[in-house]
Amino acid sequence: MITAQELPHTPAGKLVRVAGLVTCRQRPGTASGVIFITLEDETGQINVVVWRGVSEKQRRPLLAASLLGVHGVLEREGAVTHLIAGKLVDYSALLGNLVTQSRDFH
């Protein structure tokens, strides 16, 4: 897995794996079913885009995980870097008794 700090130096189009605490989930009405997730690791924030097909197949980790792993393809538009999710993994059990909270669908 790579960190948020490493993403800007990683070539676009590369398959990468990241993990972080879920700080925000958004599903704008104008986004045609796309869900945007913000993860945070020890080095910064990671923007994740989850297309409708992935969200339908992996609904449980998408909505339940506090600590989420994402395998996907790195995409870059100017200074903005996104990870297009292909696989979601719930690592929340690794948090033990740590309580986390995300802002969901605001």
# chains A, B, ... in the order shown; residues from 1 in each chain; ligands from 1
>>> select_by_dssp(residues="chain A", states="alpha helix (DSSP H)", output="JSON, numbers by chain")
{"A": [52, 53, 54, 55, 56, 57, 59, 60, 61, 62, 63, 64]}
>>> closest_residue(among="A:Glu6, A:Gln101, A:Ala85, A:Leu68", to="Phe36 (chain A)", atoms="only C-alpha atoms")
A:Ala85
>>> closest_residue(among="A:Gly69, A:Gly53, A:Gly86, A:Gly78", to="Val22 (chain A)", atoms="only C-alpha atoms")
A:Gly69
>>> select_by_dssp(residues="chain A", states="strand (DSSP E or B)", output="PyMOL selection string")
chain A and resi 15-26+35-41+44-50+67-77+80-90+103-104
>>> closest_residue(among="A:Ala12, A:Val54, A:Ala19, A:Val70", to="Leu88 (chain A)", atoms="only C-alpha atoms")
A:Val70
>>> residues_around(residues="Glu75 (chain A)", least_positions_apart="2", cutoff="8 Å", atoms="only C-alpha atoms", output="number ranges by chain")
A: 12-13, 73, 77, 81-84
>>> closest_residue(among="A:Cys24, A:Ala79, A:Lys87, A:Asn97", to="Lys57 (chain A)", atoms="only C-alpha atoms")
A:Lys87
>>> residues_around(residues="Ser66 (chain A)", least_positions_apart="2", cutoff="12 Å", atoms="only C-alpha atoms", output="VMD selection string")
chain A and resid 19 to 25 37 to 41 60 to 64 68 to 69 88 to 104
>>> write_last_selection(atoms="N, CA, C and O atoms", output="compact mmCIF listing (two decimals), in the first residue's frame")
# COMPACT_ATOMS: atom_id res chain seq x y z
N ALA A 19 -5.01 2.69 2.00
CA ALA A 19 -5.94 2.45 3.11
C ALA A 19 -5.96 3.70 3.97
O ALA A 19 -4.96 4.41 4.09
N GLY A 20 -7.12 3.96 4.57
CA GLY A 20 -7.23 5.11 5.45
C GLY A 20 -8.55 5.12 6.17
O GLY A 20 -9.47 4.35 5.86
N LEU A 21 -8.63 6.02 7.15
CA LEU A 21 -9.89 6.21 7.86
C LEU A 21 -10.86 6.94 6.94
O LEU A 21 -10.49 7.89 6.26
N VAL A 22 -12.10 6.51 6.92
CA VAL A 22 -13.13 7.18 6.12
C VAL A 22 -13.56 8.43 6.88
O VAL A 22 -14.04 8.35 8.01
N THR A 23 -13.35 9.60 6.27
CA THR A 23 -13.77 10.85 6.90
C THR A 23 -15.03 11.42 6.28
O THR A 23 -15.73 12.20 6.90
N CYS A 24 -15.32 11.01 5.04
CA CYS A 24 -16.49 11.57 4.36
C CYS A 24 -16.94 10.65 3.23
O CYS A 24 -16.12 10.10 2.49
N ARG A 25 -18.25 10.50 3.10
CA ARG A 25 -18.85 9.81 1.96
C ARG A 25 -19.87 10.78 1.36
O ARG A 25 -20.69 11.33 2.09
N ILE A 37 -15.51 9.30 -1.80
CA ILE A 37 -15.06 9.01 -0.44
C ILE A 37 -13.76 9.77 -0.20
O ILE A 37 -12.90 9.82 -1.08
N THR A 38 -13.62 10.31 1.00
CA THR A 38 -12.36 10.89 1.42
C THR A 38 -11.78 10.00 2.51
O THR A 38 -12.45 9.72 3.50
N LEU A 39 -10.57 9.52 2.26
CA LEU A 39 -9.84 8.73 3.25
C LEU A 39 -8.73 9.60 3.82
O LEU A 39 -8.23 10.51 3.15
N GLU A 40 -8.33 9.28 5.03
CA GLU A 40 -7.20 9.99 5.62
C GLU A 40 -6.24 8.97 6.22
O GLU A 40 -6.66 8.10 6.98
N ASP A 41 -4.98 9.07 5.83
CA ASP A 41 -3.95 8.25 6.46
C ASP A 41 -3.02 9.17 7.23
O ASP A 41 -3.30 10.36 7.40
N ARG A 60 -21.43 -3.39 1.17
CA ARG A 60 -21.13 -3.53 2.60
C ARG A 60 -19.85 -2.82 3.02
O ARG A 60 -19.87 -1.98 3.92
N PRO A 61 -18.69 -3.09 2.39
CA PRO A 61 -17.49 -2.35 2.80
C PRO A 61 -17.60 -0.86 2.50
O PRO A 61 -17.11 -0.03 3.26
N LEU A 62 -18.27 -0.51 1.42
CA LEU A 62 -18.43 0.89 1.05
C LEU A 62 -19.13 1.68 2.15
O LEU A 62 -18.71 2.78 2.50
N LEU A 63 -20.20 1.13 2.69
CA LEU A 63 -21.01 1.87 3.66
C LEU A 63 -20.65 1.59 5.11
O LEU A 63 -20.94 2.41 5.98
N ALA A 64 -20.03 0.46 5.40
CA ALA A 64 -19.80 0.07 6.79
C ALA A 64 -18.38 0.33 7.30
O ALA A 64 -18.18 0.48 8.50
N LEU A 68 -10.85 1.78 5.53
CA LEU A 68 -11.15 1.21 4.22
C LEU A 68 -9.88 1.08 3.39
O LEU A 68 -9.09 2.02 3.29
N GLY A 69 -9.71 -0.10 2.79
CA GLY A 69 -8.66 -0.31 1.81
C GLY A 69 -9.26 -0.20 0.43
O GLY A 69 -10.39 -0.64 0.20
N LEU A 88 -12.90 -2.78 -2.81
CA LEU A 88 -12.96 -2.17 -1.48
C LEU A 88 -12.80 -3.26 -0.43
O LEU A 88 -13.41 -4.33 -0.54
N VAL A 89 -11.99 -2.97 0.60
CA VAL A 89 -11.74 -3.94 1.66
C VAL A 89 -11.95 -3.26 3.00
O VAL A 89 -11.38 -2.20 3.27
N ASP A 90 -12.77 -3.89 3.85
CA ASP A 90 -13.05 -3.35 5.18
C ASP A 90 -11.99 -3.84 6.16
O ASP A 90 -11.93 -5.02 6.48
N TYR A 91 -11.14 -2.92 6.63
CA TYR A 91 -10.10 -3.24 7.61
C TYR A 91 -10.47 -2.73 9.00
O TYR A 91 -9.61 -2.63 9.88
N SER A 92 -11.72 -2.41 9.23
CA SER A 92 -12.15 -1.80 10.48
C SER A 92 -11.80 -2.62 11.71
O SER A 92 -11.54 -2.06 12.78
N ALA A 93 -11.76 -3.93 11.59
CA ALA A 93 -11.43 -4.78 12.74
C ALA A 93 -10.04 -4.46 13.29
O ALA A 93 -9.78 -4.64 14.48
N LEU A 94 -9.16 -3.92 12.45
CA LEU A 94 -7.81 -3.56 12.89
C LEU A 94 -7.80 -2.35 13.82
O LEU A 94 -6.80 -2.10 14.50
N LEU A 95 -8.91 -1.62 13.89
CA LEU A 95 -8.99 -0.44 14.75
C LEU A 95 -9.22 -0.80 16.21
O LEU A 95 -9.05 0.06 17.08
N GLY A 96 -9.63 -2.03 16.47
CA GLY A 96 -9.91 -2.43 17.85
C GLY A 96 -11.02 -1.59 18.44
O GLY A 96 -12.09 -1.44 17.85
N ASN A 97 -10.76 -0.97 19.59
CA ASN A 97 -11.77 -0.16 20.28
C ASN A 97 -11.74 1.31 19.89
O ASN A 97 -12.47 2.12 20.46
N LEU A 98 -10.89 1.69 18.94
CA LEU A 98 -10.81 3.08 18.51
C LEU A 98 -12.13 3.48 17.85
O LEU A 98 -12.62 2.80 16.95
N VAL A 99 -12.71 4.55 18.32
CA VAL A 99 -13.97 5.05 17.78
C VAL A 99 -13.67 6.11 16.74
O VAL A 99 -12.93 7.06 16.99
N THR A 100 -14.21 5.94 15.54
CA THR A 100 -14.06 6.92 14.47
C THR A 100 -15.43 7.31 13.97
O THR A 100 -16.41 6.59 14.17
N GLN A 101 -15.49 8.44 13.31
CA GLN A 101 -16.77 8.92 12.79
C GLN A 101 -16.53 9.60 11.45
O GLN A 101 -15.55 10.30 11.27
N SER A 102 -17.43 9.37 10.51
CA SER A 102 -17.33 10.04 9.21
C SER A 102 -18.59 10.86 8.97
O SER A 102 -19.64 10.60 9.58
N ARG A 103 -18.46 11.83 8.10
CA ARG A 103 -19.63 12.60 7.67
C ARG A 103 -20.14 11.94 6.40
O ARG A 103 -19.44 11.92 5.40
N ASP A 104 -21.32 11.39 6.47
CA ASP A 104 -21.85 10.62 5.35
C ASP A 104 -23.04 11.30 4.70
O ASP A 104 -23.99 11.68 5.38
>>> atom_distance(atom1="CA of Gln5 (chain A)", atom2="CA of Leu74 (chain A)")
13.5 Å
>>> atom_distance(atom1="CA of Arg76 (chain A)", atom2="CA of Glu56 (chain A)")
24.6 Å
>>> atom_distance(atom1="CA of Thr3 (chain A)", atom2="CA of Asn47 (chain A)")
12.0 Å
>>> closest_residue(among="A:Leu7, A:Arg59, A:Ala65, A:Val16", to="Ile35 (chain A)", atoms="only C-alpha atoms")
A:Arg59
